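Shown here: entry31.csv, CSV, C-alpha atoms.
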chain,number,residue,atom,x,y,z
K,10,MET,CA,35.3,-29.6,54.8
K,11,ARG,CA,33.6,-26.2,54.4
K,12,PHE,CA,31.3,-25.6,51.4
K,13,TYR,CA,30.4,-22.3,49.9
K,14,ASP,CA,27.4,-22.4,47.6
K,15,ILE,CA,28.1,-19.8,44.9
K,16,SER,CA,25.1,-20.5,42.8
K,17,MET,CA,22.0,-18.4,42.0
K,18,THR,CA,18.6,-19.9,42.8
K,19,ILE,CA,16.4,-20.6,39.8
K,20,GLU,CA,12.9,-19.2,40.5
K,21,PRO,CA,10.3,-17.2,38.7
K,22,SER,CA,11.3,-13.9,40.4
K,23,MET,CA,15.0,-14.2,39.9
K,24,THR,CA,17.3,-11.6,38.4
K,25,VAL,CA,17.6,-12.1,34.7
K,26,TYR,CA,19.9,-10.5,32.1
K,27,LYS,CA,18.8,-6.9,31.4
K,28,ASN,CA,15.5,-7.8,33.1
K,29,LYS,CA,14.2,-9.2,29.9
K,30,ASP,CA,10.9,-11.2,30.2
K,31,SER,CA,12.1,-13.6,27.5
K,32,LYS,CA,15.0,-14.6,29.9
K,33,ARG,CA,12.7,-15.5,32.8
K,34,PRO,CA,12.3,-19.2,33.8
K,35,HIS,CA,8.8,-20.6,33.8
K,36,PHE,CA,7.5,-23.4,36.0
K,37,LEU,CA,4.6,-25.7,35.2
K,38,GLN,CA,3.1,-28.4,37.5
K,39,SER,CA,2.9,-31.4,35.2
K,40,ALA,CA,1.6,-34.1,37.6
K,41,SER,CA,-0.5,-33.8,40.7
K,42,PHE,CA,-1.3,-36.1,43.7
K,43,ASP,CA,-5.0,-36.0,42.7
K,44,GLN,CA,-4.5,-37.1,39.1
K,45,GLN,CA,-1.2,-39.0,38.8
K,46,GLY,CA,-0.5,-39.8,42.5
K,47,VAL,CA,2.8,-37.9,42.4
K,48,TYR,CA,3.9,-34.3,42.1
K,49,GLU,CA,6.0,-33.2,39.1
K,50,THR,CA,7.3,-30.0,37.7
K,51,ASP,CA,8.4,-28.9,34.2
K,52,LEU,CA,10.9,-26.1,33.8
K,53,HIS,CA,11.2,-23.8,30.8
K,54,VAL,CA,14.6,-22.1,31.0
K,55,ASN,CA,17.1,-20.2,28.9
K,56,LEU,CA,20.5,-21.9,29.2
K,57,HIS,CA,22.1,-18.6,30.3
K,58,THR,CA,19.9,-18.4,33.4
K,59,GLY,CA,21.4,-18.0,36.8
K,60,THR,CA,24.8,-19.7,37.3
K,61,HIS,CA,25.9,-21.1,33.9
K,62,VAL,CA,28.9,-21.8,31.6
K,63,ASP,CA,29.3,-20.4,28.1
K,64,PHE,CA,30.8,-22.6,25.4
K,65,PRO,CA,32.4,-21.2,22.2
K,66,LEU,CA,29.2,-21.6,20.1
K,67,HIS,CA,27.6,-18.8,22.2
K,68,THR,CA,29.5,-16.1,20.3
K,69,ILE,CA,31.5,-17.9,17.7
K,70,PRO,CA,29.7,-19.3,14.6
K,71,GLY,CA,30.7,-23.0,14.3
K,72,GLY,CA,32.3,-22.9,17.8
K,73,SER,CA,32.5,-25.9,20.0
K,74,THR,CA,29.7,-26.9,22.3
K,75,SER,CA,28.9,-28.7,25.5
K,76,SER,CA,29.6,-32.0,23.7
K,77,GLN,CA,33.3,-31.1,23.5
K,78,GLU,CA,33.7,-30.0,27.1
K,79,ARG,CA,36.6,-31.2,29.2
K,80,LEU,CA,34.7,-32.2,32.3
K,81,GLU,CA,37.9,-32.2,34.5
K,82,ASP,CA,38.3,-28.5,33.9
K,83,PHE,CA,35.2,-27.8,36.0
K,84,TYR,CA,36.6,-29.6,39.1
K,85,GLY,CA,39.8,-28.5,40.7
K,86,ALA,CA,42.0,-25.7,42.1
K,87,CYS,CA,40.6,-22.2,41.8
K,88,LYS,CA,41.6,-18.7,42.8
K,89,VAL,CA,39.2,-16.0,43.9
K,90,PHE,CA,40.4,-12.4,43.4
K,91,ASP,CA,38.9,-9.5,45.3
K,92,PHE,CA,38.2,-6.7,42.8
K,93,THR,CA,35.5,-5.0,44.9
K,94,HIS,CA,37.4,-1.7,44.7
K,95,LEU,CA,36.7,-1.4,41.0
K,96,VAL,CA,33.8,0.7,39.9
K,97,ASP,CA,33.4,0.0,36.2
K,98,HIS,CA,35.5,-2.8,34.7
K,99,ILE,CA,38.5,-5.1,35.1
K,100,SER,CA,41.4,-4.4,32.7
K,101,ARG,CA,44.9,-5.7,32.0
K,102,ASP,CA,46.4,-3.3,34.5
K,103,ASP,CA,44.2,-4.7,37.3
K,104,LEU,CA,45.1,-8.3,36.4
K,105,GLU,CA,48.8,-7.7,36.2
K,106,LYS,CA,48.7,-6.9,40.0
K,107,VAL,CA,47.6,-10.4,41.0
K,108,ALA,CA,49.1,-13.9,40.6
K,109,ILE,CA,47.6,-15.5,37.6
K,110,GLU,CA,49.3,-18.6,36.1
K,111,LYS,CA,48.8,-21.0,33.2
K,112,GLY,CA,45.9,-23.4,33.7
K,113,ASP,CA,44.3,-21.4,36.5
K,114,PHE,CA,40.5,-21.2,37.0
K,115,ILE,CA,40.0,-17.7,38.4
K,116,LEU,CA,36.9,-16.0,39.8
K,117,PHE,CA,36.3,-12.3,40.1
K,118,LYS,CA,34.7,-11.1,43.3
K,119,THR,CA,33.4,-7.5,42.5
K,120,ARG,CA,30.8,-5.1,43.8
K,121,ASN,CA,28.3,-7.1,41.6
K,122,SER,CA,28.1,-9.7,44.4
K,123,PHE,CA,26.4,-7.2,46.6
K,124,VAL,CA,23.8,-6.0,44.1
K,125,GLU,CA,20.6,-8.0,43.8
K,126,PRO,CA,18.5,-6.5,41.0
K,127,PHE,CA,20.1,-6.5,37.6
K,128,ASP,CA,22.7,-3.6,37.3
K,129,PHE,CA,23.0,-2.2,33.8
K,130,ASP,CA,26.4,-0.8,34.9
K,131,PHE,CA,27.8,-4.1,36.2
K,132,VAL,CA,31.6,-4.4,36.6
K,133,TYR,CA,32.8,-6.4,33.6
K,134,LEU,CA,36.1,-7.7,32.1
K,135,ASP,CA,37.2,-5.4,29.3
K,136,LYS,CA,39.0,-6.4,26.1
K,137,THR,CA,42.5,-5.7,27.4
K,138,GLY,CA,41.8,-8.0,30.4
K,139,ALA,CA,40.6,-10.8,28.1
K,140,GLU,CA,43.7,-10.4,26.0
K,141,TYR,CA,45.8,-10.8,29.1
K,142,LEU,CA,44.0,-13.9,30.2
K,143,LYS,CA,44.4,-15.4,26.7
K,144,GLU,CA,48.2,-14.7,27.0
K,145,LYS,CA,48.2,-16.4,30.4
K,146,ALA,CA,46.4,-19.4,28.9
K,147,ILE,CA,44.1,-19.9,31.9
K,148,ARG,CA,41.5,-22.7,31.8
K,149,GLY,CA,38.5,-20.7,33.0
K,150,VAL,CA,37.2,-17.4,34.4
K,151,GLY,CA,34.1,-16.6,36.4
K,152,ILE,CA,32.3,-13.5,37.3
K,153,ASP,CA,29.6,-12.6,39.9
K,154,THR,CA,26.9,-11.3,37.5
K,155,LEU,CA,25.0,-12.5,34.5
K,156,GLY,CA,27.5,-11.2,31.9
K,157,ILE,CA,31.3,-10.9,31.6
K,158,GLU,CA,31.2,-7.9,29.3
K,159,ARG,CA,28.9,-5.0,28.4
K,160,SER,CA,28.9,-2.1,26.0
K,161,GLN,CA,31.7,-3.6,23.9
K,162,ALA,CA,30.7,-3.9,20.2
K,163,ASN,CA,31.0,-7.5,18.8
K,164,HIS,CA,31.7,-9.0,22.3
K,165,PRO,CA,35.5,-9.1,22.0
K,166,THR,CA,35.8,-10.3,25.6
K,167,HIS,CA,33.7,-13.4,24.9
K,168,ASP,CA,35.5,-14.1,21.6
K,169,LEU,CA,39.0,-13.7,23.1
K,170,LEU,CA,38.2,-16.1,25.9
K,171,LEU,CA,36.0,-18.6,24.1
K,172,GLY,CA,38.1,-18.6,21.0
K,173,ASN,CA,41.1,-19.6,23.1
K,174,GLY,CA,39.6,-22.5,25.1
K,175,ILE,CA,38.9,-20.5,28.2
K,176,TYR,CA,35.5,-21.3,29.7
K,177,ILE,CA,33.3,-18.5,31.1
K,178,LEU,CA,31.2,-19.0,34.3
K,179,GLU,CA,28.6,-16.3,34.8
K,180,GLY,CA,26.0,-15.7,37.5
K,181,LEU,CA,28.2,-16.5,40.5
K,182,ARG,CA,27.4,-15.3,44.0
K,183,LEU,CA,30.6,-14.4,45.9
K,184,ALA,CA,29.5,-12.0,48.7
K,185,LEU,CA,30.4,-14.5,51.5
K,186,VAL,CA,33.7,-15.7,49.9
K,187,GLU,CA,37.0,-14.2,50.8
K,188,SER,CA,39.8,-14.0,48.2
K,189,GLY,CA,42.1,-17.0,48.2
K,190,GLU,CA,42.5,-20.5,46.9
K,191,TYR,CA,39.7,-23.1,46.9
K,192,THR,CA,38.5,-26.2,45.1
K,193,LEU,CA,35.9,-25.3,42.5
K,194,VAL,CA,33.2,-27.8,41.6
K,195,ALA,CA,31.1,-26.5,38.8
K,196,LEU,CA,30.0,-29.4,36.6
K,197,PRO,CA,27.7,-28.4,33.8
K,198,LEU,CA,24.4,-30.2,33.4
K,199,LYS,CA,25.0,-32.8,30.6
K,200,ILE,CA,23.1,-31.4,27.6
K,201,LYS,CA,24.0,-32.4,24.1
K,202,ASP,CA,25.6,-29.9,21.7
K,203,VAL,CA,24.5,-26.6,23.2
K,204,GLU,CA,26.2,-23.2,23.6
K,205,ALA,CA,25.8,-23.0,27.4
K,206,SER,CA,24.7,-25.1,30.3
K,207,LEU,CA,23.2,-24.6,33.8
K,208,VAL,CA,25.6,-25.2,36.7
K,209,ARG,CA,25.5,-25.8,40.4
K,210,ALA,CA,28.7,-24.3,41.6
K,211,ILE,CA,30.4,-24.6,45.0
K,212,LEU,CA,33.8,-23.7,46.4
K,213,ILE,CA,35.4,-26.0,49.0
K,214,GLU,CA,37.8,-24.5,51.5
K,215,LYS,CA,41.3,-25.9,51.3
K,216,GLU,CA,42.3,-28.0,54.3
V,17,MET,CA,42.3,-38.4,39.7
V,18,ARG,CA,40.1,-40.6,37.6
V,19,PHE,CA,36.5,-39.4,36.8
V,20,TYR,CA,33.5,-41.5,35.8
V,21,ASP,CA,30.7,-39.5,34.2
V,22,ILE,CA,27.6,-41.4,35.4
V,23,SER,CA,25.1,-39.0,33.9
V,24,MET,CA,22.6,-39.4,31.0
V,25,THR,CA,22.8,-36.9,28.2
V,26,ILE,CA,19.8,-34.5,27.9
V,27,GLU,CA,18.8,-34.5,24.2
V,28,PRO,CA,15.6,-34.7,22.2
V,29,SER,CA,16.0,-38.5,21.4
V,30,MET,CA,17.0,-39.6,24.9
V,31,THR,CA,15.3,-42.4,26.8
V,32,VAL,CA,12.4,-41.1,28.9
V,33,TYR,CA,10.2,-42.7,31.5
V,34,LYS,CA,7.8,-45.2,29.9
V,35,ASN,CA,8.6,-43.6,26.6
V,36,LYS,CA,6.0,-40.9,27.3
V,37,ASP,CA,6.1,-37.9,24.9
V,38,SER,CA,5.2,-35.6,27.8
V,39,LYS,CA,8.5,-36.5,29.4
V,40,ARG,CA,10.6,-35.6,26.4
V,41,PRO,CA,12.8,-32.5,26.6
V,42,HIS,CA,12.3,-29.8,23.9
V,43,PHE,CA,14.9,-27.4,22.6
V,44,LEU,CA,14.3,-24.0,21.1
V,45,GLN,CA,16.9,-21.7,19.6
V,46,SER,CA,16.1,-18.3,21.2
V,47,ALA,CA,18.8,-16.1,19.8
V,48,SER,CA,20.8,-16.3,16.5
V,49,PHE,CA,23.9,-14.7,15.1
V,50,ASP,CA,21.9,-13.0,12.4
V,51,GLN,CA,19.4,-11.4,14.7
V,52,GLN,CA,21.0,-10.9,18.1
V,53,GLY,CA,24.7,-11.5,17.3
V,54,VAL,CA,24.9,-14.5,19.7
V,55,TYR,CA,23.5,-18.1,19.8
V,56,GLU,CA,21.2,-19.1,22.6
V,57,THR,CA,19.0,-22.0,23.5
V,58,ASP,CA,15.9,-22.5,25.7
V,59,LEU,CA,15.2,-25.9,27.2
V,60,HIS,CA,11.8,-27.2,28.3
V,61,VAL,CA,12.4,-30.1,30.6
V,62,ASN,CA,10.6,-32.2,33.1
V,63,LEU,CA,12.6,-32.2,36.4
V,64,HIS,CA,12.7,-36.0,36.4
V,65,THR,CA,14.5,-36.1,33.1
V,66,GLY,CA,17.8,-38.0,32.8
V,67,THR,CA,20.0,-38.1,35.9
V,68,HIS,CA,18.0,-36.4,38.7
V,69,VAL,CA,17.3,-36.4,42.4
V,70,ASP,CA,13.8,-36.9,44.0
V,71,PHE,CA,12.9,-34.9,47.0
V,72,PRO,CA,10.1,-35.9,49.4
V,73,LEU,CA,7.4,-33.7,47.8
V,74,HIS,CA,7.6,-36.0,44.7
V,75,THR,CA,5.4,-38.6,46.4
V,76,ILE,CA,4.5,-37.1,49.8
V,77,PRO,CA,2.0,-34.3,50.0
V,78,GLY,CA,3.5,-31.5,52.0
V,79,GLY,CA,6.9,-33.2,51.8
V,80,SER,CA,10.2,-31.2,51.8
V,81,THR,CA,11.7,-29.8,48.6
V,82,SER,CA,14.9,-28.7,47.0
V,83,SER,CA,14.9,-25.7,49.3
V,84,GLN,CA,15.5,-28.0,52.3
V,85,GLU,CA,18.3,-30.1,50.7
V,86,ARG,CA,21.5,-30.8,52.7
V,87,LEU,CA,24.0,-29.9,49.9
V,88,GLU,CA,26.8,-31.8,51.7
V,89,ASP,CA,24.9,-35.1,51.3
V,90,PHE,CA,25.5,-34.9,47.5
V,91,TYR,CA,29.3,-34.8,47.8
V,92,GLY,CA,31.2,-37.5,49.5
V,93,ALA,CA,32.0,-41.2,50.1
V,94,CYS,CA,29.8,-43.6,48.1
V,95,LYS,CA,29.6,-47.4,47.6
V,96,VAL,CA,28.7,-49.0,44.3
V,97,PHE,CA,27.2,-52.5,44.6
V,98,ASP,CA,27.1,-54.9,41.7
V,99,PHE,CA,23.6,-56.4,41.4
V,100,THR,CA,23.9,-57.3,37.8
V,101,HIS,CA,22.9,-60.9,38.6
V,102,LEU,CA,19.4,-59.9,39.6
V,103,VAL,CA,16.7,-60.2,37.0
V,104,ASP,CA,13.6,-58.5,38.5
V,105,HIS,CA,14.2,-56.6,41.7
V,106,ILE,CA,16.5,-55.9,44.7
V,107,SER,CA,15.0,-57.0,48.1
V,108,ARG,CA,16.1,-57.1,51.7
V,109,ASP,CA,17.7,-60.5,51.2
V,110,ASP,CA,20.0,-59.1,48.5
V,111,LEU,CA,20.9,-56.1,50.6
V,112,GLU,CA,21.7,-58.1,53.7
V,113,LYS,CA,24.6,-59.8,51.8
V,114,VAL,CA,26.5,-56.5,51.3
V,115,ALA,CA,28.1,-54.0,53.7
V,116,ILE,CA,25.7,-51.1,54.1
V,117,GLU,CA,26.3,-48.7,57.1
V,118,LYS,CA,24.5,-45.7,58.6
V,119,GLY,CA,25.1,-42.6,56.6
V,120,ASP,CA,26.1,-44.4,53.4
V,121,PHE,CA,25.3,-43.1,49.9
V,122,ILE,CA,24.9,-46.3,47.9
V,123,LEU,CA,24.4,-46.9,44.1
V,124,PHE,CA,23.0,-50.0,42.5
V,125,LYS,CA,24.6,-51.3,39.4
V,126,THR,CA,22.2,-53.6,37.7
V,127,ARG,CA,21.5,-55.0,34.2
V,128,ASN,CA,19.6,-51.7,33.7
V,129,SER,CA,23.0,-50.0,32.9
V,130,PHE,CA,23.3,-52.2,29.8
V,131,VAL,CA,19.8,-51.4,28.4
V,132,GLU,CA,19.4,-48.3,26.3
V,133,PRO,CA,15.7,-48.0,25.3
V,134,PHE,CA,13.3,-47.8,28.2
V,135,ASP,CA,12.7,-51.2,29.8
V,136,PHE,CA,9.3,-51.6,31.3
V,137,ASP,CA,10.6,-54.6,33.3
V,138,PHE,CA,13.6,-52.7,34.8
V,139,VAL,CA,15.2,-54.0,37.9
V,140,TYR,CA,13.9,-52.0,40.9
V,141,LEU,CA,14.1,-51.8,44.7
V,142,ASP,CA,11.2,-53.5,46.3
V,143,LYS,CA,9.4,-52.4,49.5
V,144,THR,CA,11.3,-54.9,51.7
V,145,GLY,CA,14.6,-53.4,50.4
V,146,ALA,CA,13.5,-49.9,51.1
V,147,GLU,CA,12.5,-50.9,54.6
V,148,TYR,CA,16.0,-52.3,55.1
V,149,LEU,CA,17.6,-49.0,53.9
V,150,LYS,CA,15.3,-47.1,56.3
V,151,GLU,CA,16.5,-49.2,59.2
V,152,LYS,CA,20.1,-48.7,58.1
V,153,ALA,CA,19.5,-44.9,58.0
V,154,ILE,CA,21.6,-44.4,54.9
V,155,ARG,CA,21.7,-40.8,53.4
V,156,GLY,CA,21.0,-41.6,49.8
V,157,VAL,CA,20.5,-44.4,47.2
V,158,GLY,CA,20.9,-44.3,43.4
V,159,ILE,CA,19.8,-46.6,40.6
V,160,ASP,CA,20.8,-47.0,36.9
V,161,THR,CA,17.4,-46.4,35.3
V,162,LEU,CA,14.7,-43.7,35.4
V,163,GLY,CA,12.8,-45.2,38.3
V,164,ILE,CA,13.5,-46.9,41.6
V,165,GLU,CA,10.3,-48.8,41.7
V,166,ARG,CA,7.6,-50.2,39.4
V,167,SER,CA,4.4,-52.1,39.8
V,168,GLN,CA,4.0,-51.4,43.5
V,169,ALA,CA,0.7,-49.7,44.3
V,170,ASN,CA,1.1,-46.3,46.1
V,171,HIS,CA,4.9,-46.2,45.6
V,172,PRO,CA,5.9,-47.6,49.0
V,173,THR,CA,9.6,-47.7,48.0
V,174,HIS,CA,9.6,-43.9,47.3
V,175,ASP,CA,7.6,-43.2,50.5
V,176,LEU,CA,9.9,-45.3,52.7
V,177,LEU,CA,13.0,-43.6,51.4
V,178,LEU,CA,11.8,-40.0,51.0
V,179,GLY,CA,9.8,-40.1,54.2
V,180,ASN,CA,12.9,-41.0,56.1
V,181,GLY,CA,15.3,-38.4,54.8
V,182,ILE,CA,16.9,-40.7,52.2
V,183,TYR,CA,17.6,-39.0,48.8
V,184,ILE,CA,16.9,-41.0,45.6
V,185,LEU,CA,19.1,-40.5,42.5
V,186,GLU,CA,17.6,-41.9,39.3
V,187,GLY,CA,18.9,-42.1,35.8
V,188,LEU,CA,22.5,-43.1,36.5
V,189,ARG,CA,24.7,-44.8,34.0
V,190,LEU,CA,27.0,-47.4,35.6
V,191,ALA,CA,28.0,-49.8,32.8
V,192,LEU,CA,31.7,-48.7,33.0
V,193,VAL,CA,31.9,-48.5,36.8
V,194,GLU,CA,33.2,-51.5,38.9
V,195,SER,CA,31.7,-52.2,42.4
V,196,GLY,CA,33.7,-50.5,45.1
V,197,GLU,CA,34.1,-47.2,47.0
V,198,TYR,CA,34.3,-43.8,45.3
V,199,THR,CA,33.7,-40.1,45.9
V,200,LEU,CA,30.2,-39.2,44.5
V,201,VAL,CA,29.7,-35.6,43.3
V,202,ALA,CA,26.0,-35.1,42.4
V,203,LEU,CA,25.1,-31.6,43.2
V,204,PRO,CA,21.5,-30.8,42.2
V,205,LEU,CA,20.8,-27.7,40.1
V,206,LYS,CA,19.7,-25.0,42.5
V,207,ILE,CA,16.0,-24.6,41.9
V,208,LYS,CA,13.6,-23.1,44.5
V,209,ASP,CA,11.1,-25.3,46.2
V,210,VAL,CA,10.7,-28.2,43.7
V,211,GLU,CA,10.2,-31.9,44.1
V,212,ALA,CA,13.2,-33.0,42.0
V,213,SER,CA,16.2,-31.5,40.3
V,214,LEU,CA,18.5,-32.2,37.4
V,215,VAL,CA,22.0,-33.4,38.3
V,216,ARG,CA,25.4,-33.8,36.7
V,217,ALA,CA,26.8,-36.8,38.6
V,218,ILE,CA,30.3,-38.1,38.6
V,219,LEU,CA,32.3,-40.7,40.6
V,220,ILE,CA,35.9,-40.1,41.5
V,221,GLU,CA,38.2,-43.1,42.0
V,222,LYS,CA,39.7,-43.2,45.5
V,223,GLU,CA,43.5,-42.5,45.5
Would you write out, as structure tokens, the structure that this file holds?
Amino acid sequence: MRFYDISMTIEPSMTVYKNKDSKRPHFLQSASFDQQGVYETDLHVNLHTGTHVDFPLHTIPGGSTSSQERLEDFYGACKVFDFTHLVDHISRDDLEKVAIEKGDFILFKTRNSFVEPFDFDFVYLDKTGAEYLKEKAIRGVGIDTLGIERSQANHPTHDLLLGNGIYILEGLRLALVESGEYTLVALPLKIKDVEASLVRAILIEKE
Amino acid sequence: MRFYDISMTIEPSMTVYKNKDSKRPHFLQSASFDQQGVYETDLHVNLHTGTHVDFPLHTIPGGSTSSQERLEDFYGACKVFDFTHLVDHISRDDLEKVAIEKGDFILFKTRNSFVEPFDFDFVYLDKTGAEYLKEKAIRGVGIDTLGIERSQANHPTHDLLLGNGIYILEGLRLALVESGEYTLVALPLKIKDVEASLVRAILIEKE
């Protein structure tokens, strides 16, 4: 069984959305060998840090949260599509050229996977692409940077996906993964009633 | 495929170790629809909150950390043993009665799984039991409360396990799980160089 770890590492110097300081995780040593006889760490983290899932409440007032997740949706067959030839965004035209079916969990491998510092011009999924995925009724979509859209007023890509029961995985690292079919394991950390959750995501090669 | 979610829910009112306020997670709304057009949450959390894994640095100065984890060890065959008849602790004598083999990941289902508030007299693994697991060279052990030992000076159970490459999963919920063999999926959140990590853990029934 071959594993691909497609998660970002949470650490103080990691890449954060738009390089905002408010998005940076903070670590605090909360117990020491000298004082408590053990070593412990506290973490202060925005739930959209590194590899994470967005739930509807992120962009839709009154939207559903982590507490309504379908855990089975984050474990199962998955298709990775190679869109590394695209420079700016993924649209309906690009998606029509690949085999997307109802219930799929799909991941976009783009040039984002080869960029380490935050790229303000990252490749994103545009509104026409999100409409297509809604029509296809997929179960989830993932992208290899910290956002799935940029420069679209009122975040229609998020709303079209989240408003139609399609989960969004952001912050994947796919540089070492070829296009093809895998098993995705991306169980969200179990946090009550929040709009996003941190995820350790892996792909397992099909046997 | 049948899933058992064996994770605790992270929330402000959750059970924390010895009911200490310093161990309690805190939530902060860090973006709102009115101001940023989206909803976001920050979480401040001790890494030993809810379902988590301990790495050697937790009790062993200079011990290895999350950065040296063997990810494959947190995905695979697992045995759940029913020790609900024990009142105080699990010892070598108890473990000799069940089938434990080299490389196993084993979980202890005890009366802890049926107690919700923190129980200062929780069932734990004593030093003789930890010595036995070291001799057996298992790969990991999990328990259904927030600690794997109590009232043992200098935490010998932790040191015997962590000092010999045996991972410890704490904070499991096993009330609904029967003894038997499963696939365990308990991938730690990917955090750099820490002594513990948060985990979403599930068991999958064997087909």
Using only C-alpha atoms: which of V:His60, V:Lys150, V:His68, V:Arg166 has the shortest distance to chain K =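 Checking each candidate against chain K, we get V:His60 as the closest.
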Spatial neighbours of segment 114-127 of chain V, 9 Å, all atoms listed in the file, chain gap at least 5 places, as a CSV table (one decimal) with C-alpha atoms, keeping the file's coordinate frame:
chain,number,residue,atom,x,y,z
V,89,ASP,CA,24.9,-35.1,51.3
V,90,PHE,CA,25.5,-34.9,47.5
V,92,GLY,CA,31.2,-37.5,49.5
V,93,ALA,CA,32.0,-41.2,50.1
V,94,CYS,CA,29.8,-43.6,48.1
V,95,LYS,CA,29.6,-47.4,47.6
V,96,VAL,CA,28.7,-49.0,44.3
V,97,PHE,CA,27.2,-52.5,44.6
V,98,ASP,CA,27.1,-54.9,41.7
V,99,PHE,CA,23.6,-56.4,41.4
V,100,THR,CA,23.9,-57.3,37.8
V,101,HIS,CA,22.9,-60.9,38.6
V,102,LEU,CA,19.4,-59.9,39.6
V,103,VAL,CA,16.7,-60.2,37.0
V,138,PHE,CA,13.6,-52.7,34.8
V,139,VAL,CA,15.2,-54.0,37.9
V,149,LEU,CA,17.6,-49.0,53.9
V,151,GLU,CA,16.5,-49.2,59.2
V,152,LYS,CA,20.1,-48.7,58.1
V,153,ALA,CA,19.5,-44.9,58.0
V,154,ILE,CA,21.6,-44.4,54.9
V,155,ARG,CA,21.7,-40.8,53.4
V,156,GLY,CA,21.0,-41.6,49.8
V,157,VAL,CA,20.5,-44.4,47.2
V,158,GLY,CA,20.9,-44.3,43.4
V,159,ILE,CA,19.8,-46.6,40.6
V,160,ASP,CA,20.8,-47.0,36.9
V,161,THR,CA,17.4,-46.4,35.3
V,183,TYR,CA,17.6,-39.0,48.8
V,185,LEU,CA,19.1,-40.5,42.5
V,188,LEU,CA,22.5,-43.1,36.5
V,189,ARG,CA,24.7,-44.8,34.0
V,190,LEU,CA,27.0,-47.4,35.6
V,191,ALA,CA,28.0,-49.8,32.8
V,193,VAL,CA,31.9,-48.5,36.8
V,194,GLU,CA,33.2,-51.5,38.9
V,195,SER,CA,31.7,-52.2,42.4
V,200,LEU,CA,30.2,-39.2,44.5
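Within 7 Å of chain K, and using all atoms listed in the file, the residues found on chain V are Thr25, Ile26, Glu27, Val54, Tyr55, Glu56, Thr57, Asp58, Leu59, His60, Val61, Asn62, Leu63, Leu73, His74, Thr75, Leu203, Pro204, Leu205, Lys206, Ile207, Lys208, Glu211, Val215 and Arg216 of chain V.
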Two-atom distance - atom CA of His167 of chain K, atom CA of Ile15 of chain K (Å) | 21.7 Å
Excluding same-chain residues fewer than 2 positions from Lys34 of chain V, what lies within 8 Å of it counting only C-alpha atoms, as a PyMOL selection string?
-> chain V and resi 32+36+134-136
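In terms of minimum interatomic distance to Pro126 of chain K, K:Met23 ranks closest within K:Val62, K:Ile175, K:Ile99, K:Met23, counting all atoms listed in the file.
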What is the atom CA of Asp168 of chain K to atom CA of Tyr84 of chain K distance in Å?
->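 Atom CA of Tyr84 of chain K lies 23.4 Å from atom CA of Asp168 of chain K.
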Separation of atom CA of Ile157 of chain K from atom CA of Thr137 of chain K, in Å and rounded to one decimal | 13.0 Å
Pick out the closest residue to Thr199 of chain V from this set: V:Gly78, V:Arg86, V:Gly181, V:Leu219. Count only C-alpha atoms.
-> V:Leu219
How would segment 52-62 of chain K look with N, CA and C atoms restored, written as a PDB file, in the frame of the given file?
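See out-v9.pdb below for the written result:
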ATOM      1  N   LEU K  52      10.170 -27.371  33.744  1.00  0.00           N
ATOM      2  CA  LEU K  52      10.900 -26.100  33.800  1.00  0.00           C
ATOM      3  C   LEU K  52      11.185 -25.662  32.352  1.00  0.00           C
ATOM      4  N   HIS K  53      10.827 -24.404  32.036  1.00  0.00           N
ATOM      5  CA  HIS K  53      11.200 -23.800  30.800  1.00  0.00           C
ATOM      6  C   HIS K  53      12.283 -22.765  31.071  1.00  0.00           C
ATOM      7  N   VAL K  54      13.481 -22.970  30.540  1.00  0.00           N
ATOM      8  CA  VAL K  54      14.600 -22.100  31.000  1.00  0.00           C
ATOM      9  C   VAL K  54      15.569 -21.839  29.848  1.00  0.00           C
ATOM     10  N   ASN K  55      16.005 -20.589  29.773  1.00  0.00           N
ATOM     11  CA  ASN K  55      17.100 -20.200  28.900  1.00  0.00           C
ATOM     12  C   ASN K  55      18.387 -20.744  29.488  1.00  0.00           C
ATOM     13  N   LEU K  56      19.283 -21.269  28.665  1.00  0.00           N
ATOM     14  CA  LEU K  56      20.500 -21.900  29.200  1.00  0.00           C
ATOM     15  C   LEU K  56      21.502 -20.921  29.772  1.00  0.00           C
ATOM     16  N   HIS K  57      21.205 -19.618  29.684  1.00  0.00           N
ATOM     17  CA  HIS K  57      22.100 -18.600  30.300  1.00  0.00           C
ATOM     18  C   HIS K  57      21.424 -18.011  31.536  1.00  0.00           C
ATOM     19  N   THR K  58      20.575 -18.802  32.158  1.00  0.00           N
ATOM     20  CA  THR K  58      19.900 -18.400  33.400  1.00  0.00           C
ATOM     21  C   THR K  58      20.685 -18.695  34.610  1.00  0.00           C
ATOM     22  N   GLY K  59      20.733 -17.764  35.540  1.00  0.00           N
ATOM     23  CA  GLY K  59      21.400 -18.000  36.800  1.00  0.00           C
ATOM     24  C   GLY K  59      22.887 -18.392  36.560  1.00  0.00           C
ATOM     25  N   THR K  60      23.399 -19.281  37.366  1.00  0.00           N
ATOM     26  CA  THR K  60      24.800 -19.700  37.300  1.00  0.00           C
ATOM     27  C   THR K  60      24.939 -20.655  36.083  1.00  0.00           C
ATOM     28  N   HIS K  61      25.809 -20.283  35.125  1.00  0.00           N
ATOM     29  CA  HIS K  61      25.900 -21.100  33.900  1.00  0.00           C
ATOM     30  C   HIS K  61      27.298 -20.938  33.291  1.00  0.00           C
ATOM     31  N   VAL K  62      27.619 -21.848  32.395  1.00  0.00           N
ATOM     32  CA  VAL K  62      28.900 -21.800  31.600  1.00  0.00           C
ATOM     33  C   VAL K  62      28.558 -21.454  30.185  1.00  0.00           C
TER      34      VAL K  62
END
